[in-house]
$ cat query19.cif   # mmCIF, C-alpha atoms and all ligand atoms
data_structure
loop_
_atom_site.label_atom_id
_atom_site.label_comp_id
_atom_site.auth_asym_id
_atom_site.auth_seq_id
_atom_site.Cartn_x
_atom_site.Cartn_y
_atom_site.Cartn_z
CA MET A 1 -3.57 -64.90 -17.74
CA GLU A 2 -1.25 -61.98 -17.48
CA GLU A 3 -2.99 -59.99 -20.21
CA GLU A 4 -6.18 -60.28 -18.23
CA ARG A 5 -4.81 -58.53 -15.18
CA GLU A 6 -5.90 -54.94 -14.98
CA ARG A 7 -3.40 -52.08 -15.14
CA TRP A 8 -3.51 -48.46 -14.08
CA GLY A 9 -4.35 -46.30 -17.08
CA SER A 10 -1.67 -43.68 -16.43
CA LYS A 11 1.01 -42.59 -14.02
CA PHE A 12 -1.18 -39.72 -12.86
CA GLY A 13 -4.06 -42.13 -12.33
CA PHE A 14 -1.92 -44.39 -10.18
CA ILE A 15 -0.63 -41.50 -8.08
CA MET A 16 -4.19 -40.25 -7.55
CA ALA A 17 -5.36 -43.73 -6.53
CA ALA A 18 -2.42 -44.18 -4.14
CA MET A 19 -2.98 -40.69 -2.73
CA GLY A 20 -6.65 -41.54 -2.43
CA SER A 21 -5.71 -44.49 -0.29
CA ALA A 22 -3.18 -42.64 1.80
CA VAL A 23 -5.12 -39.43 2.37
CA GLY A 24 -8.00 -40.32 4.62
CA LEU A 25 -9.48 -39.84 8.04
CA GLY A 26 -5.94 -40.59 9.19
CA ASN A 27 -4.72 -37.27 7.81
CA ILE A 28 -7.55 -35.07 8.91
CA TRP A 29 -9.14 -36.56 11.95
CA MET A 30 -6.47 -38.79 13.46
CA PHE A 31 -3.45 -36.65 12.59
CA SER A 32 -4.94 -33.61 14.21
CA TYR A 33 -6.05 -35.30 17.41
CA ARG A 34 -2.77 -37.15 17.78
CA CYS A 35 -0.82 -34.01 17.07
CA GLY A 36 -3.00 -32.11 19.54
CA ARG A 37 -2.47 -34.71 22.22
CA CYS A 38 1.26 -34.99 21.56
CA GLY A 39 2.04 -31.31 22.06
CA GLY A 40 1.47 -29.91 18.58
CA ALA A 41 4.66 -29.14 16.70
CA ALA A 42 6.63 -31.55 18.90
CA PHE A 43 4.80 -34.38 17.15
CA LEU A 44 6.04 -33.25 13.75
CA ILE A 45 9.71 -33.99 14.41
CA PRO A 46 9.37 -37.75 15.00
CA TYR A 47 6.67 -37.81 12.32
CA LEU A 48 8.98 -36.43 9.64
CA ILE A 49 11.92 -38.60 10.69
CA ILE A 50 9.79 -41.76 10.58
CA LEU A 51 8.34 -40.68 7.25
CA PHE A 52 11.80 -40.81 5.70
CA LEU A 53 13.09 -43.82 7.63
CA VAL A 54 10.15 -46.14 7.14
CA GLY A 55 7.30 -44.49 5.27
CA ILE A 56 8.87 -44.00 1.87
CA ILE A 57 10.75 -47.32 2.06
CA GLY A 58 7.54 -49.08 3.09
CA LEU A 59 5.70 -47.87 0.01
CA MET A 60 8.55 -49.07 -2.18
CA VAL A 61 8.64 -52.48 -0.48
CA GLU A 62 4.91 -53.11 -0.84
CA TRP A 63 4.63 -51.86 -4.43
CA THR A 64 7.73 -53.81 -5.47
CA LEU A 65 6.44 -57.09 -4.08
CA GLY A 66 3.14 -56.59 -5.90
CA ARG A 67 4.66 -55.59 -9.22
CA LYS A 68 7.30 -58.33 -9.13
CA ASN A 69 4.66 -61.02 -8.63
CA LYS A 70 1.87 -59.27 -10.52
CA ALA A 71 -0.29 -60.38 -7.66
CA GLY A 72 -1.83 -59.36 -4.37
CA VAL A 73 -0.28 -60.41 -1.09
CA LEU A 74 -1.65 -63.97 -0.94
CA ASP A 75 -0.43 -65.03 -4.38
CA SER A 76 2.80 -63.08 -3.93
CA LEU A 77 3.63 -65.09 -0.81
CA ILE A 78 2.75 -68.34 -2.54
CA ASN A 79 4.82 -67.41 -5.62
CA CYS A 80 7.93 -66.56 -3.69
CA GLY A 81 7.79 -69.69 -1.55
CA PHE A 82 7.06 -67.99 1.79
CA PRO A 83 6.57 -70.79 4.34
CA GLY A 84 2.89 -71.09 5.16
CA GLY A 85 2.21 -68.26 2.71
CA LYS A 86 -1.07 -69.87 1.73
CA TYR A 87 -2.37 -69.20 5.24
CA LEU A 88 -0.31 -66.23 6.43
CA GLY A 89 -1.25 -64.28 3.32
CA TRP A 90 -4.75 -64.01 4.72
CA ILE A 91 -3.64 -62.00 7.77
CA PRO A 92 -3.14 -58.68 5.96
CA ILE A 93 -6.25 -59.30 3.90
CA ILE A 94 -8.50 -59.99 6.88
CA ASN A 95 -6.92 -57.09 8.71
CA VAL A 96 -7.66 -54.60 5.98
CA PHE A 97 -11.20 -55.93 5.82
CA LEU A 98 -11.67 -55.28 9.54
CA ILE A 99 -10.23 -51.81 9.12
CA PHE A 100 -12.67 -51.25 6.27
CA SER A 101 -15.61 -52.16 8.48
CA PHE A 102 -14.87 -49.70 11.26
CA TYR A 103 -13.62 -47.03 8.91
CA ALA A 104 -16.90 -47.11 7.02
CA VAL A 105 -18.71 -46.42 10.31
CA ILE A 106 -16.73 -43.22 10.83
CA GLU A 107 -17.22 -42.32 7.20
CA GLY A 108 -20.95 -42.65 7.92
CA TRP A 109 -20.67 -40.09 10.73
CA CYS A 110 -18.99 -37.71 8.26
CA MET A 111 -21.87 -38.09 5.82
CA LYS A 112 -24.39 -37.46 8.54
CA TYR A 113 -22.62 -34.26 9.56
CA MET A 114 -22.28 -33.22 5.93
CA VAL A 115 -26.02 -33.52 5.43
CA MET A 116 -26.70 -31.74 8.73
CA SER A 117 -24.55 -28.81 7.72
CA LEU A 118 -26.28 -28.64 4.37
CA SER A 119 -29.69 -28.55 6.00
CA GLY A 120 -28.54 -26.10 8.65
CA GLU A 121 -29.43 -28.46 11.51
CA LEU A 122 -25.81 -28.54 12.63
CA MET A 123 -26.00 -24.88 13.57
CA ALA A 124 -28.70 -25.46 16.18
CA ILE A 125 -27.50 -28.56 18.06
CA ASP A 126 -25.59 -28.84 21.30
CA PRO A 127 -22.54 -30.62 19.81
CA GLY A 128 -21.42 -32.79 22.74
CA PRO A 129 -24.71 -34.40 23.79
CA TYR A 130 -25.89 -34.52 20.20
CA PHE A 131 -22.90 -36.56 19.09
CA GLY A 132 -23.28 -38.87 22.09
CA ASN A 133 -26.94 -39.52 21.29
CA PHE A 134 -26.25 -40.00 17.63
CA VAL A 135 -23.54 -42.63 18.05
CA SER A 136 -25.58 -44.56 20.56
CA SER A 137 -28.66 -44.69 18.32
CA TYR A 138 -29.39 -46.98 15.37
CA GLU A 139 -29.01 -44.18 12.87
CA PRO A 140 -25.31 -44.77 12.14
CA LEU A 141 -26.33 -48.08 10.53
CA ILE A 142 -28.11 -46.24 7.75
CA TRP A 143 -25.08 -44.09 7.04
CA LEU A 144 -22.84 -47.14 7.22
CA ALA A 145 -24.94 -48.81 4.55
CA ILE A 146 -24.77 -45.74 2.30
CA GLY A 147 -20.98 -45.54 2.67
CA ILE A 148 -20.57 -49.21 1.83
CA ILE A 149 -22.85 -48.95 -1.19
CA ALA A 150 -20.76 -46.04 -2.51
CA THR A 151 -17.58 -48.08 -2.10
CA VAL A 152 -19.04 -51.20 -3.68
CA THR A 153 -20.26 -49.17 -6.65
CA ILE A 154 -16.81 -47.74 -7.35
CA ASN A 155 -14.97 -51.03 -6.88
CA SER A 156 -17.39 -53.00 -8.99
CA PHE A 157 -16.26 -51.01 -12.05
CA GLY A 158 -12.72 -52.30 -11.62
CA VAL A 159 -9.29 -50.77 -11.25
CA ARG A 160 -9.13 -48.37 -14.15
CA LYS A 161 -12.78 -47.55 -14.73
CA GLY A 162 -13.71 -47.59 -11.06
CA ILE A 163 -10.94 -46.78 -8.59
CA GLU A 164 -8.67 -44.77 -10.86
CA ARG A 165 -11.45 -42.75 -12.45
CA ALA A 166 -13.07 -41.94 -9.10
CA CYS A 167 -9.79 -40.90 -7.49
CA LYS A 168 -8.80 -38.73 -10.47
CA PHE A 169 -11.94 -36.77 -9.77
CA MET A 170 -11.98 -36.87 -5.97
CA MET A 171 -8.37 -36.02 -5.14
CA PRO A 172 -8.11 -32.68 -6.99
CA LEU A 173 -11.46 -31.71 -5.44
CA LEU A 174 -10.10 -32.65 -2.03
CA LEU A 175 -7.11 -30.38 -2.55
CA VAL A 176 -9.34 -27.45 -3.49
CA LEU A 177 -11.45 -28.00 -0.37
CA VAL A 178 -8.41 -28.12 1.91
CA VAL A 179 -7.04 -24.90 0.45
CA ILE A 180 -10.34 -23.03 0.86
CA LEU A 181 -10.74 -24.23 4.44
CA MET A 182 -7.15 -23.38 5.26
CA ILE A 183 -7.56 -19.81 4.03
CA ARG A 184 -10.74 -19.44 6.12
CA SER A 185 -9.06 -20.79 9.23
CA LEU A 186 -5.85 -18.80 8.90
CA THR A 187 -7.76 -15.56 8.57
CA LEU A 188 -9.78 -16.02 11.77
CA PRO A 189 -9.03 -13.55 14.56
CA GLY A 190 -6.53 -15.07 16.99
CA ALA A 191 -5.35 -17.71 14.52
CA GLU A 192 -1.71 -16.97 15.42
CA ALA A 193 -1.85 -18.99 18.65
CA GLY A 194 -2.90 -22.06 16.68
CA ILE A 195 -0.19 -21.52 14.11
CA ALA A 196 2.40 -21.24 16.89
CA PHE A 197 1.11 -24.43 18.54
CA PHE A 198 1.53 -26.18 15.23
CA ILE A 199 4.94 -24.90 14.15
CA LYS A 200 6.90 -24.05 17.32
CA PRO A 201 8.01 -27.33 18.87
CA ASP A 202 8.47 -27.73 22.60
CA LEU A 203 11.20 -30.39 22.52
CA SER A 204 10.50 -31.52 26.08
CA LYS A 205 7.20 -32.93 24.84
CA ILE A 206 8.87 -35.57 22.68
CA THR A 207 8.49 -38.67 24.81
CA TRP A 208 8.44 -42.35 23.82
CA ASP A 209 4.77 -42.14 23.45
CA VAL A 210 5.09 -39.40 20.88
CA TRP A 211 7.50 -41.54 18.82
CA LEU A 212 5.10 -44.47 18.91
CA ASN A 213 2.22 -42.29 17.89
CA ALA A 214 4.31 -41.03 15.00
CA VAL A 215 5.19 -44.54 13.80
CA GLY A 216 1.59 -45.71 14.10
CA GLN A 217 0.45 -42.62 12.29
CA ILE A 218 2.86 -43.09 9.36
CA PHE A 219 1.95 -46.74 8.82
CA PHE A 220 -1.76 -46.13 8.97
CA SER A 221 -1.61 -42.97 6.96
CA LEU A 222 0.38 -44.54 4.13
CA SER A 223 -1.92 -47.60 4.23
CA LEU A 224 1.08 -49.84 4.96
CA VAL A 225 -0.47 -52.97 6.36
CA GLY A 226 0.74 -55.45 3.76
CA SER A 227 -2.28 -55.63 1.51
CA THR A 228 -3.54 -52.39 -0.04
CA MET A 229 -0.25 -51.09 -1.39
CA VAL A 230 0.84 -54.57 -2.55
CA VAL A 231 -2.25 -54.89 -4.68
CA TYR A 232 -1.94 -51.30 -5.95
CA GLY A 233 1.67 -52.11 -6.93
CA SER A 234 0.54 -55.22 -8.77
CA TYR A 235 -1.34 -53.05 -11.26
CA LEU A 236 1.83 -51.10 -12.16
CA ARG A 237 3.79 -51.62 -15.37
CA SER A 238 7.53 -52.18 -15.47
CA LYS A 239 8.11 -48.74 -16.95
CA ASP A 240 6.43 -47.09 -13.96
CA ASP A 241 8.63 -45.31 -11.45
CA ILE A 242 8.31 -46.85 -7.98
CA PRO A 243 10.80 -44.75 -5.94
CA GLY A 244 9.67 -41.49 -7.56
CA SER A 245 6.01 -42.31 -6.93
CA ALA A 246 6.78 -43.31 -3.33
CA LEU A 247 8.37 -39.93 -2.76
CA ILE A 248 5.45 -38.06 -4.32
CA VAL A 249 2.79 -40.01 -2.42
CA ALA A 250 4.58 -39.84 0.94
CA LEU A 251 5.30 -36.11 0.66
CA GLY A 252 1.90 -35.34 -0.85
CA ASN A 253 0.19 -37.22 1.96
CA THR A 254 2.20 -35.31 4.56
CA ALA A 255 1.50 -32.02 2.82
CA ILE A 256 -2.23 -32.68 3.05
CA ALA A 257 -1.93 -33.67 6.72
CA LEU A 258 -0.04 -30.45 7.47
CA MET A 259 -2.56 -28.37 5.58
CA CYS A 260 -5.31 -30.02 7.60
CA GLY A 261 -3.40 -29.01 10.72
CA PHE A 262 -3.54 -25.44 9.43
CA VAL A 263 -7.28 -25.85 9.02
CA ILE A 264 -7.90 -27.24 12.47
CA PHE A 265 -5.49 -25.63 14.95
CA PRO A 266 -5.94 -21.95 14.06
CA ALA A 267 -9.71 -22.48 14.33
CA VAL A 268 -9.46 -24.35 17.64
CA PHE A 269 -7.27 -21.65 19.19
CA SER A 270 -9.24 -18.82 17.70
CA PHE A 271 -12.31 -20.04 19.60
CA GLY A 272 -10.39 -20.87 22.74
CA LEU A 273 -11.02 -24.62 22.61
CA ASP A 274 -8.86 -27.58 23.57
CA PRO A 275 -6.63 -29.01 20.82
CA ALA A 276 -6.03 -32.17 22.86
CA SER A 277 -9.64 -33.25 23.07
CA GLY A 278 -8.97 -36.54 21.29
CA PRO A 279 -11.10 -38.33 18.74
CA SER A 280 -14.10 -36.12 19.38
CA LEU A 281 -12.13 -33.17 17.98
CA ALA A 282 -13.71 -33.31 14.52
CA PHE A 283 -17.31 -33.95 15.51
CA ILE A 284 -17.72 -32.01 18.73
CA THR A 285 -15.03 -29.35 18.93
CA LEU A 286 -15.22 -28.39 15.28
CA SER A 287 -19.00 -28.42 15.20
CA SER A 288 -19.09 -25.86 17.97
CA ILE A 289 -16.54 -23.78 16.07
CA PHE A 290 -18.62 -23.83 12.90
CA GLN A 291 -21.61 -22.67 14.91
CA GLN A 292 -19.79 -19.52 15.96
CA MET A 293 -17.88 -18.80 12.77
CA VAL A 294 -19.00 -16.33 10.11
CA GLY A 295 -20.18 -18.47 7.19
CA GLY A 296 -20.00 -21.50 9.48
CA ARG A 297 -22.72 -23.50 7.80
CA PHE A 298 -21.03 -23.28 4.42
CA PHE A 299 -17.57 -24.09 5.78
CA ALA A 300 -18.95 -26.95 7.86
CA PHE A 301 -20.38 -28.44 4.70
CA LEU A 302 -17.03 -28.12 2.91
CA PHE A 303 -15.21 -29.66 5.86
CA PHE A 304 -17.45 -32.70 6.21
CA LEU A 305 -17.47 -33.12 2.43
CA LEU A 306 -13.68 -33.14 2.64
CA LEU A 307 -13.77 -35.83 5.31
CA PHE A 308 -16.23 -37.86 3.29
CA ILE A 309 -14.18 -37.76 0.07
CA ALA A 310 -11.02 -38.61 1.97
CA ALA A 311 -12.75 -41.56 3.64
CA LEU A 312 -14.40 -42.89 0.50
CA SER A 313 -11.20 -42.95 -1.55
CA SER A 314 -9.52 -44.81 1.32
CA ASP A 315 -12.40 -47.25 1.71
CA VAL A 316 -12.09 -48.14 -1.92
CA SER A 317 -8.45 -49.04 -1.35
CA MET A 318 -9.31 -51.22 1.63
CA MET A 319 -11.83 -53.20 -0.30
CA GLU A 320 -9.60 -53.77 -3.32
CA PRO A 321 -7.10 -56.26 -1.80
CA VAL A 322 -9.97 -58.38 -0.55
CA THR A 323 -11.80 -58.18 -3.87
CA GLU A 324 -8.60 -59.02 -5.74
CA VAL A 325 -8.09 -62.29 -3.87
CA PHE A 326 -11.50 -63.55 -4.88
CA VAL A 327 -11.18 -62.27 -8.42
CA SER A 328 -7.66 -63.46 -9.27
CA HIS A 329 -7.10 -66.31 -6.86
CA PHE A 330 -10.56 -67.85 -6.84
CA LYS A 331 -11.56 -66.59 -10.31
CA LEU A 332 -14.92 -65.14 -9.30
CA GLY A 333 -16.65 -62.25 -11.04
CA ARG A 334 -15.81 -58.78 -9.69
CA LYS A 335 -19.39 -57.52 -9.47
CA LYS A 336 -20.51 -60.51 -7.45
CA VAL A 337 -17.49 -60.35 -5.16
CA THR A 338 -17.86 -56.65 -4.38
CA LEU A 339 -21.52 -57.06 -3.55
CA LEU A 340 -20.84 -59.96 -1.25
CA LEU A 341 -17.95 -58.22 0.48
CA GLY A 342 -20.04 -55.10 0.92
CA PHE A 343 -22.65 -57.16 2.67
CA LEU A 344 -20.07 -58.84 4.91
CA ALA A 345 -18.49 -55.49 5.75
CA PHE A 346 -21.91 -54.25 6.76
CA LEU A 347 -22.35 -57.22 9.11
CA VAL A 348 -18.99 -56.56 10.78
CA GLY A 349 -19.79 -52.85 10.81
CA ILE A 350 -23.00 -53.38 12.80
CA PRO A 351 -21.33 -54.00 16.17
CA CYS A 352 -18.82 -51.23 15.38
CA ALA A 353 -21.65 -48.81 14.73
CA LEU A 354 -23.64 -49.79 17.81
CA LEU A 355 -21.00 -50.55 20.43
CA GLY A 356 -18.42 -47.92 21.20
CA TRP A 357 -16.05 -50.38 22.83
CA PHE A 358 -16.11 -52.68 19.81
CA LEU A 359 -15.26 -49.78 17.52
CA ASP A 360 -12.42 -48.77 19.84
CA LEU A 361 -11.15 -52.32 19.99
CA LEU A 362 -11.02 -52.70 16.24
CA ALA A 363 -9.82 -49.18 15.61
CA SER A 364 -7.05 -49.14 18.14
CA VAL A 365 -4.60 -51.78 19.05
CA VAL A 366 -5.76 -54.92 17.31
CA THR A 367 -5.89 -53.81 13.73
CA THR A 368 -3.51 -50.91 13.67
CA MET A 369 -0.92 -51.89 16.22
CA ILE A 370 -0.81 -55.68 16.13
CA LEU A 371 -2.22 -57.03 12.88
CA ALA A 372 -0.88 -54.15 10.79
CA PRO A 373 2.77 -54.62 11.74
CA ILE A 374 2.40 -58.39 11.32
CA GLY A 375 1.24 -57.77 7.74
CA GLY A 376 4.06 -55.27 7.24
CA ILE A 377 6.69 -57.72 8.42
CA ILE A 378 5.33 -60.59 6.34
CA VAL A 379 5.56 -58.48 3.22
CA ALA A 380 9.01 -57.12 4.03
CA VAL A 381 10.38 -60.60 4.75
CA ALA A 382 8.75 -62.04 1.64
CA LEU A 383 10.40 -59.40 -0.52
CA ALA A 384 13.80 -59.26 1.15
CA TRP A 385 14.32 -62.90 2.05
CA PHE A 386 12.22 -64.91 -0.38
CA VAL A 387 12.23 -62.82 -3.53
CA GLY A 388 15.70 -61.78 -2.42
CA VAL A 389 17.06 -58.27 -1.96
CA LYS A 390 19.06 -58.41 -5.18
CA HIS A 391 16.03 -59.18 -7.30
CA ALA A 392 13.99 -56.76 -5.26
CA ARG A 393 16.45 -53.97 -5.98
CA GLU A 394 16.43 -54.76 -9.69
CA GLU A 395 12.65 -54.59 -9.62
CA VAL A 396 12.41 -51.35 -7.66
CA ASN A 397 14.93 -49.72 -10.02
CA GLU A 398 13.07 -50.80 -13.14
CA GLY A 399 11.62 -47.63 -14.62
CA ALA A 400 12.92 -45.58 -11.65
CA SER A 401 14.00 -41.96 -12.02
CA ILE A 402 16.02 -42.15 -8.79
CA LYS A 403 17.80 -45.52 -8.60
CA MET A 404 18.21 -47.20 -5.22
CA GLY A 405 21.88 -47.86 -4.42
CA LYS A 406 23.46 -50.86 -2.71
CA TRP A 407 22.49 -49.53 0.74
CA TRP A 408 18.88 -50.34 -0.07
CA GLU A 409 19.53 -54.09 0.18
CA PRO A 410 20.67 -54.36 3.82
CA TYR A 411 18.20 -51.64 4.76
CA VAL A 412 15.24 -53.56 3.45
CA LYS A 413 16.59 -56.89 4.65
CA TYR A 414 17.36 -55.95 8.27
CA ILE A 415 16.56 -52.44 9.34
CA TYR A 416 13.06 -52.01 7.91
CA PRO A 417 11.65 -55.29 9.29
CA ALA A 418 13.44 -54.69 12.60
CA ILE A 419 11.72 -51.33 13.02
CA ILE A 420 8.34 -52.91 12.38
CA LEU A 421 9.16 -55.70 14.82
CA VAL A 422 9.80 -53.14 17.56
CA ILE A 423 6.40 -51.57 16.90
CA LEU A 424 4.76 -54.96 17.00
CA ILE A 425 6.34 -55.86 20.33
CA LEU A 426 5.40 -52.52 21.85
CA GLY A 427 1.90 -52.88 20.41
CA ILE A 428 1.46 -56.28 22.05
CA LEU A 429 2.93 -55.07 25.37
CA SER A 430 0.64 -52.09 25.45
CA TYR A 431 -2.35 -54.26 24.58
CA PHE A 432 -1.68 -56.33 27.69
CA GLY A 433 -1.09 -53.22 29.72
CA ILE A 434 2.60 -54.00 30.31
CA PHE A 435 3.70 -50.95 28.44
CA GLU A 436 1.83 -47.77 28.84
CA ALA A 437 1.00 -45.83 25.72
CA THR A 438 -1.81 -43.80 24.29
CA TRP A 439 -2.28 -44.52 20.64
N1 LIG U 501 -4.42 -44.22 4.85
C1 LIG U 501 -5.75 -44.04 5.21
C2 LIG U 501 -5.89 -42.90 6.19
O1 LIG U 501 -4.95 -42.23 6.48
C3 LIG U 501 -6.37 -45.28 5.77
C4 LIG U 501 -6.21 -46.44 4.89
C5 LIG U 501 -6.57 -46.56 3.60
C6 LIG U 501 -5.69 -47.66 5.26
N2 LIG U 501 -6.27 -47.80 3.14
C7 LIG U 501 -5.74 -48.50 4.12
C8 LIG U 501 -5.20 -48.10 6.44
C9 LIG U 501 -5.27 -49.76 4.20
C10 LIG U 501 -4.74 -49.36 6.51
C11 LIG U 501 -4.78 -50.20 5.40
O2 LIG U 501 -6.93 -42.65 6.68
#
$ encode --input "query19.cif" --output "structure tokens" --more "lines below"
Ligand code: TRP
Amino acid sequence: MEEERERWGSKFGFIMAAMGSAVGLGNIWMFSYRCGRCGGAAFLIPYLIILFLVGIIGLMVEWTLGRKNKAGVLDSLINCGFPGGKYLGWIPIINVFLIFSFYAVIEGWCMKYMVMSLSGELMAIDPGPYFGNFVSSYEPLIWLAIGIIATVTINSFGVRKGIERACKFMMPLLLVLVVILMIRSLTLPGAEAGIAFFIKPDLSKITWDVWLNAVGQIFFSLSLVGSTMVVYGSYLRSKDDIPGSALIVALGNTAIALMCGFVIFPAVFSFGLDPASGPSLAFITLSSIFQQMVGGRFFAFLFFLLLFIAALSSDVSMMEPVTEVFVSHFKLGRKKVTLLLGFLAFLVGIPCALLGWFLDLLASVVTTMILAPIGGIIVAVALAWFVGVKHAREEVNEGASIKMGKWWEPYVKYIYPAIILVILILGILSYFGIFEATW
């Protein structure tokens, strides 16, 4: 049995796959609109604190549970005797599947804009009304289908030949794109105002809301919902370095988010636009910037290609935990499973693509603020209480370059789940309108 389980081919391959999962629309699109709405640099302070307090630990917790059990979340819960694990294990899996469905819709928009910049059409549209008409037409369904087919194709080749190979190609390309775009943006006239907005914090802007946005951002951005990173950890070998990789992936992910900030804010300020325009920032605000910029058509293509690559490598990581359950738990063939899941994701994606409110519902509170922390807590409790913190620490230190000391045990047992519990409670309160927050 065990020999049959796939493994990452190399340490580099694993890091690229994990970065592929982490770096996504969350870094480029969501990070910039949240940061814009939360006062720019002021957002970065809670963001960096939360990154160290929960982000890096969260990666370690999820990977350790997966590697210890050599299984995805469902079988891990069953193995370690988690009460009701057989049922509860489905929560993070269903959640990531729902995230996949709406995420693929937005990925479709990116592809559409990529093609429009290639053909030059983007340069002639009126960005606001155009985007409104596009998302309320049937066209997004076609792009959704293309995005899902791309994901299914990669995943059907398996962990090493599919996911790892694709990410080893996509992630270095992504880095090159970010660097080129950053240089273009930083050399625009008037870029300084955007740089200042992004690096000079106004401390009075750090409200509760900003903290919550930071926590939500870190969990989503590091794909910590209790399924993706568990399954990615399950393909690790005991000689692989979990803490070291967690540090690299968390910092690398943040570095890309910051670089994307240096792409977006200098450009937004240079053209006198609003950095707090919310989710439409990428598709409306930036489109109008590309229209006015020297070489805009070319840079628009690079930017939407960047978004597309980032989204595809994340999509792949959302599909894998679902695929893995059917492959290892139910012993079905991978090709068949990926095809079927792709079809199901398309069905769930249809209302997301056609109904704005349905997309918002899935994309906001339910999946990212309620189901995600539930998955996070389940995994943390399974590792700390059912595998046991002692065994967990032995496992995390196996192959580690930086060993976790004794402090790690109480931290993972009490503090980490408690922090997620707070987010969950606030998420539920804000869903029912008892607590006011903008996510
Ligand atoms: N981290 C990705 C982003 O920032 C999104 C993502 C990929 C994700 N895989 C996930 C989110 C699994 C939740 C669960 O865009």
$ residues_around --input "query19.cif" --residues "Arg184 in chain A" --least-positions-apart "3" --cutoff "9 Å" --atoms "all atoms listed in the file" --output "PDB file with C-alpha atoms, in the frame of the given file"
ATOM      1  CA  VAL A 179      -7.040 -24.900   0.450  1.00  0.00           C
ATOM      2  CA  ILE A 180     -10.340 -23.030   0.860  1.00  0.00           C
ATOM      3  CA  LEU A 181     -10.740 -24.230   4.440  1.00  0.00           C
ATOM      4  CA  THR A 187      -7.760 -15.560   8.570  1.00  0.00           C
ATOM      5  CA  LEU A 188      -9.780 -16.020  11.770  1.00  0.00           C
ATOM      6  CA  VAL A 263      -7.280 -25.850   9.020  1.00  0.00           C
ATOM      7  CA  ALA A 267      -9.710 -22.480  14.330  1.00  0.00           C
ATOM      8  CA  PHE A 299     -17.570 -24.090   5.780  1.00  0.00           C
TER       9      PHE A 299
END
$ residues_near_ligand --input "query19.cif" --ligand "ligand LIG 501 (chain U)" --cutoff "7 Å" --atoms "all atoms listed in the file" --output "mmCIF file with C-alpha atoms, in the frame of the given file"
data_model
loop_
_atom_site.group_PDB
_atom_site.id
_atom_site.type_symbol
_atom_site.label_atom_id
_atom_site.label_comp_id
_atom_site.auth_asym_id
_atom_site.auth_seq_id
_atom_site.Cartn_x
_atom_site.Cartn_y
_atom_site.Cartn_z
ATOM 1 C CA SER A 21 -5.710 -44.490 -0.290
ATOM 2 C CA ALA A 22 -3.180 -42.640 1.800
ATOM 3 C CA VAL A 23 -5.120 -39.430 2.370
ATOM 4 C CA GLY A 24 -8.000 -40.320 4.620
ATOM 5 C CA LEU A 25 -9.480 -39.840 8.040
ATOM 6 C CA GLY A 26 -5.940 -40.590 9.190
ATOM 7 C CA ASN A 27 -4.720 -37.270 7.810
ATOM 8 C CA VAL A 96 -7.660 -54.600 5.980
ATOM 9 C CA ILE A 99 -10.230 -51.810 9.120
ATOM 10 C CA PHE A 220 -1.760 -46.130 8.970
ATOM 11 C CA SER A 221 -1.610 -42.970 6.960
ATOM 12 C CA LEU A 222 0.380 -44.540 4.130
ATOM 13 C CA SER A 223 -1.920 -47.600 4.230
ATOM 14 C CA LEU A 224 1.080 -49.840 4.960
ATOM 15 C CA VAL A 225 -0.470 -52.970 6.360
ATOM 16 C CA THR A 228 -3.540 -52.390 -0.040
ATOM 17 C CA ALA A 311 -12.750 -41.560 3.640
ATOM 18 C CA SER A 314 -9.520 -44.810 1.320
ATOM 19 C CA ASP A 315 -12.400 -47.250 1.710
ATOM 20 C CA SER A 317 -8.450 -49.040 -1.350
ATOM 21 C CA MET A 318 -9.310 -51.220 1.630
#
$ residues_around --input "query19.cif" --residues "Val135 in chain A" --least-positions-apart "2" --cutoff "9 Å" --atoms "all atoms listed in the file" --output "MDAnalysis selection string"
chainID A and resid 109 130:133 137:140 353:356
$ residues_around --input "query19.cif" --residues "Lys161 in chain A" --least-positions-apart "5" --cutoff "12 Å" --atoms "all atoms listed in the file" --output "list in words"
Glu6, Arg7, Trp8, Gly9, Ser10, Gly13, Ala17, Thr153, Ile154, Asn155, Ser156, Ala166, Cys167, Lys168 and Phe169 of chain A
$ residues_around --input "query19.cif" --residues "Ile378 in chain A" --least-positions-apart "3" --cutoff "12 Å" --atoms "all atoms listed in the file" --output "number ranges by chain"
A: 61-62, 65, 73-74, 76-77, 80, 82-85, 87-93, 224-227, 230, 371-375, 381-386, 413, 416-418, 420-421
$ closest_residue --input "query19.cif" --among "A:Ile28, A:Ile402, A:Leu281, A:Ile163" --to "Ile242 in chain A" --atoms "all atoms listed in the file"
A:Ile402
$ closest_residue --input "query19.cif" --among "A:Ala104, A:Ile57, A:Ala250, A:Ala41" --to "Val316 in chain A" --atoms "only C-alpha atoms"
A:Ala104
$ closest_residue --input "query19.cif" --among "A:Phe432, A:Phe330, A:Trp63, A:Trp211" --to "Ser234 in chain A" --atoms "all atoms listed in the file"
A:Trp63
